$ cat query-v5.cif   # mmCIF, C-alpha atoms
data_protein
#
loop_
_atom_site.label_atom_id
_atom_site.label_comp_id
_atom_site.auth_asym_id
_atom_site.auth_seq_id
_atom_site.Cartn_x
_atom_site.Cartn_y
_atom_site.Cartn_z
CA MET L 8 -2.50 4.25 -16.25
CA LEU L 9 -2.75 1.08 -18.37
CA ALA L 10 -5.77 2.34 -20.28
CA GLU L 11 -3.93 5.59 -21.05
CA ARG L 12 -1.22 3.50 -22.69
CA GLY L 13 -3.67 1.39 -24.68
CA VAL L 14 -2.99 -1.76 -22.66
CA GLU L 15 -5.91 -4.16 -22.49
CA PHE L 16 -6.51 -5.72 -19.10
CA ASP L 17 -9.00 -7.71 -17.08
CA VAL L 18 -10.14 -6.64 -13.64
CA VAL L 19 -10.64 -9.40 -11.08
CA GLN L 20 -13.15 -8.58 -8.38
CA TYR L 21 -11.27 -10.60 -5.77
CA LEU L 22 -13.83 -10.05 -3.01
CA LYS L 23 -16.75 -11.17 -5.19
CA ASN L 24 -14.74 -14.01 -6.76
CA PRO L 25 -11.87 -14.83 -4.38
CA LEU L 26 -8.83 -16.59 -5.72
CA ASP L 27 -8.53 -20.16 -4.52
CA ARG L 28 -5.49 -21.50 -2.67
CA ALA L 29 -3.82 -22.78 -5.87
CA GLU L 30 -4.31 -19.44 -7.65
CA LEU L 31 -2.89 -17.58 -4.67
CA ALA L 32 0.11 -19.92 -4.50
CA HIS L 33 0.79 -19.26 -8.18
CA LEU L 34 0.45 -15.50 -7.67
CA VAL L 35 2.90 -15.59 -4.78
CA GLU L 36 5.29 -17.64 -6.92
CA ILE L 37 5.41 -15.08 -9.76
CA LEU L 38 5.23 -11.98 -7.55
CA GLU L 39 8.32 -9.80 -7.84
CA ASN L 40 7.68 -8.41 -4.36
CA ASP L 41 8.36 -10.31 -1.17
CA PRO L 42 5.39 -12.67 -0.69
CA SER L 43 4.50 -11.11 2.67
CA ASP L 44 4.05 -7.75 0.91
CA LEU L 45 0.85 -9.19 -0.57
CA VAL L 46 -0.78 -9.04 2.89
CA ARG L 47 -2.22 -5.77 4.15
CA ARG L 48 -1.24 -4.96 7.74
CA ASP L 49 -4.41 -3.07 8.57
CA LYS L 50 -6.91 -3.09 11.43
CA HIS L 51 -8.45 -6.33 10.13
CA PHE L 52 -4.99 -7.97 10.31
CA SER L 53 -4.67 -6.83 13.93
CA ASP L 54 -8.25 -7.74 14.82
CA LEU L 55 -7.59 -11.29 13.64
CA GLY L 56 -4.64 -11.46 16.03
CA LEU L 57 -2.18 -12.04 13.21
CA THR L 58 1.56 -11.50 13.47
CA GLU L 59 4.50 -11.48 11.09
CA GLU L 60 4.91 -15.21 11.78
CA ASP L 61 1.55 -15.75 10.04
CA VAL L 62 3.02 -14.37 6.80
CA ALA L 63 6.55 -15.75 7.15
CA GLY L 64 6.62 -17.65 3.86
CA PRO L 65 4.83 -18.17 0.56
CA ALA L 66 2.65 -21.04 1.84
CA GLU L 67 1.54 -19.06 4.88
CA VAL L 68 0.64 -16.07 2.69
CA ALA L 69 -1.40 -18.22 0.30
CA ASP L 70 -3.19 -19.94 3.21
CA LEU L 71 -3.96 -16.65 4.94
CA LEU L 72 -5.29 -14.93 1.81
CA ALA L 73 -7.41 -17.96 0.93
CA ALA L 74 -9.03 -17.67 4.35
CA HIS L 75 -9.16 -13.85 4.45
CA PRO L 76 -9.19 -12.40 0.91
CA ARG L 77 -9.81 -8.86 2.10
CA LEU L 78 -6.26 -8.79 3.47
CA MET L 79 -4.81 -8.92 -0.06
CA GLN L 80 -2.80 -5.87 -0.99
CA ARG L 81 -3.97 -4.32 -4.23
CA PRO L 82 -3.84 -3.63 -7.01
CA VAL L 83 -1.83 -6.57 -8.23
CA VAL L 84 -0.96 -6.61 -11.91
CA VAL L 85 -0.07 -9.86 -13.65
CA ARG L 86 1.54 -10.05 -17.07
CA GLY L 87 2.62 -13.46 -18.28
CA ARG L 88 4.81 -15.07 -15.63
CA ARG L 89 5.41 -11.85 -13.68
CA ALA L 90 3.34 -9.95 -11.14
CA VAL L 91 3.81 -6.78 -9.11
CA ILE L 92 1.91 -4.96 -6.43
CA ALA L 93 1.16 -1.68 -8.17
CA ARG L 94 1.83 0.60 -5.22
CA PRO L 95 2.84 3.16 -6.19
CA PRO L 96 0.97 2.88 -9.49
CA ARG L 97 4.05 3.52 -11.65
CA THR L 98 5.43 0.20 -10.39
CA VAL L 99 3.25 -1.50 -13.00
CA LEU L 100 5.41 -0.03 -15.75
CA SER L 101 8.19 -2.47 -14.81
CA LEU L 102 6.09 -5.20 -16.46
CA PHE L 103 6.05 -3.46 -19.84
#
$ encode --input "query-v5.cif" --output "structure tokens"
Amino acid sequence: MLAERGVEFDVVQYLKNPLDRAELAHLVEILENDPSDLVRRDKHFSDLGLTEEDVAGPAEVADLLAAHPRLMQRPVVVRGRRAVIARPPRTVLSLF
């Protein structure tokens, strides 16, 4: 969608190069969604025995994603000091 509009962007392979705790804390800070929305509630979440208490606040989300990067909801699009989870994809248009 961004390429179709001529928007240049960088892709971060977050599983190959996970964000560190400070980068995750910054992402949570600028995220327009609720911080807990950044965590996928999938089978891996359940298998780890996690609950909503484990993602109750920004610090908990950053800690959890630093320890378990595969739980990060994606794609996340960052532009300047704003970020959104691009689900559905048209959500990204709110940044432009």
$ residues_near_point --input "query-v5.cif" --point "(4.1, -16.4, 3.3)" --cutoff "10 Å" --atoms "only C-alpha atoms" --output "list of chain:residue names"
L:Ala32, L:Val35, L:Asp41, L:Pro42, L:Ser43, L:Asp44, L:Leu45, L:Val46, L:Glu59, L:Glu60, L:Asp61, L:Val62, L:Ala63, L:Gly64, L:Pro65, L:Ala66, L:Glu67, L:Val68, L:Ala69, L:Asp70, L:Leu71, L:Leu72
$ closest_residue --input "query-v5.cif" --among "L:His75, L:Leu100, L:Leu57, L:Ala90" --to "Glu36 in chain L" --atoms "all atoms listed in the file"
L:Ala90
$ axis_aligned_box --input "query-v5.cif" --around "range 81-85 of chain L" --padding-each-side "4 Å" --output "JSON"
{"center_x": -2.0, "center_y": -6.7, "center_z": -8.9, "size_x": 11.9, "size_y": 14.2, "size_z": 17.4}
$ residues_near_point --input "query-v5.cif" --point "(0.4, 0.3, -7.0)" --cutoff "12 Å" --atoms "all atoms listed in the file" --output "PyMOL selection string"
chain L and resi 8-9+40+44-45+80-84+90-101
$ closest_residue --input "query-v5.cif" --among "L:Asp17, L:Glu39, L:Glu30, L:Asp49" --to "Leu78 in chain L" --atoms "only C-alpha atoms"
L:Asp49
$ atom_distance --input "query-v5.cif" --atom1 "CA of Leu55 in chain L" --atom2 "CA of Lys23 in chain L"
20.9 Å
$ resolve_selection --input "query-v5.cif" --expression "the PyMOL selection byres ((chain L and resi 21) around 10)" --output "PyMOL selection string"
chain L and resi 18-20+22-26+76-77+79+81
$ residues_around --input "query-v5.cif" --residues "Arg88 in chain L" --least-positions-apart "3" --cutoff "9 Å" --atoms "all atoms listed in the file" --output "ChimeraX atom specification"
/L:37-38,85
$ write_last_selection --input "query-v5.cif" --atoms "C-alpha atoms" --output "mmCIF file, keeping the file's coordinate frame"
data_model
loop_
_atom_site.group_PDB
_atom_site.id
_atom_site.type_symbol
_atom_site.label_atom_id
_atom_site.label_comp_id
_atom_site.auth_asym_id
_atom_site.auth_seq_id
_atom_site.Cartn_x
_atom_site.Cartn_y
_atom_site.Cartn_z
ATOM 1 C CA ILE L 37 5.410 -15.080 -9.760
ATOM 2 C CA LEU L 38 5.230 -11.980 -7.550
ATOM 3 C CA VAL L 85 -0.070 -9.860 -13.650
#
$ atom_distance --input "query-v5.cif" --atom1 "CA of Arg89 in chain L" --atom2 "CA of Val14 in chain L"
15.9 Å
$ atom_distance --input "query-v5.cif" --atom1 "CA of Arg28 in chain L" --atom2 "CA of Ala74 in chain L"
8.7 Å
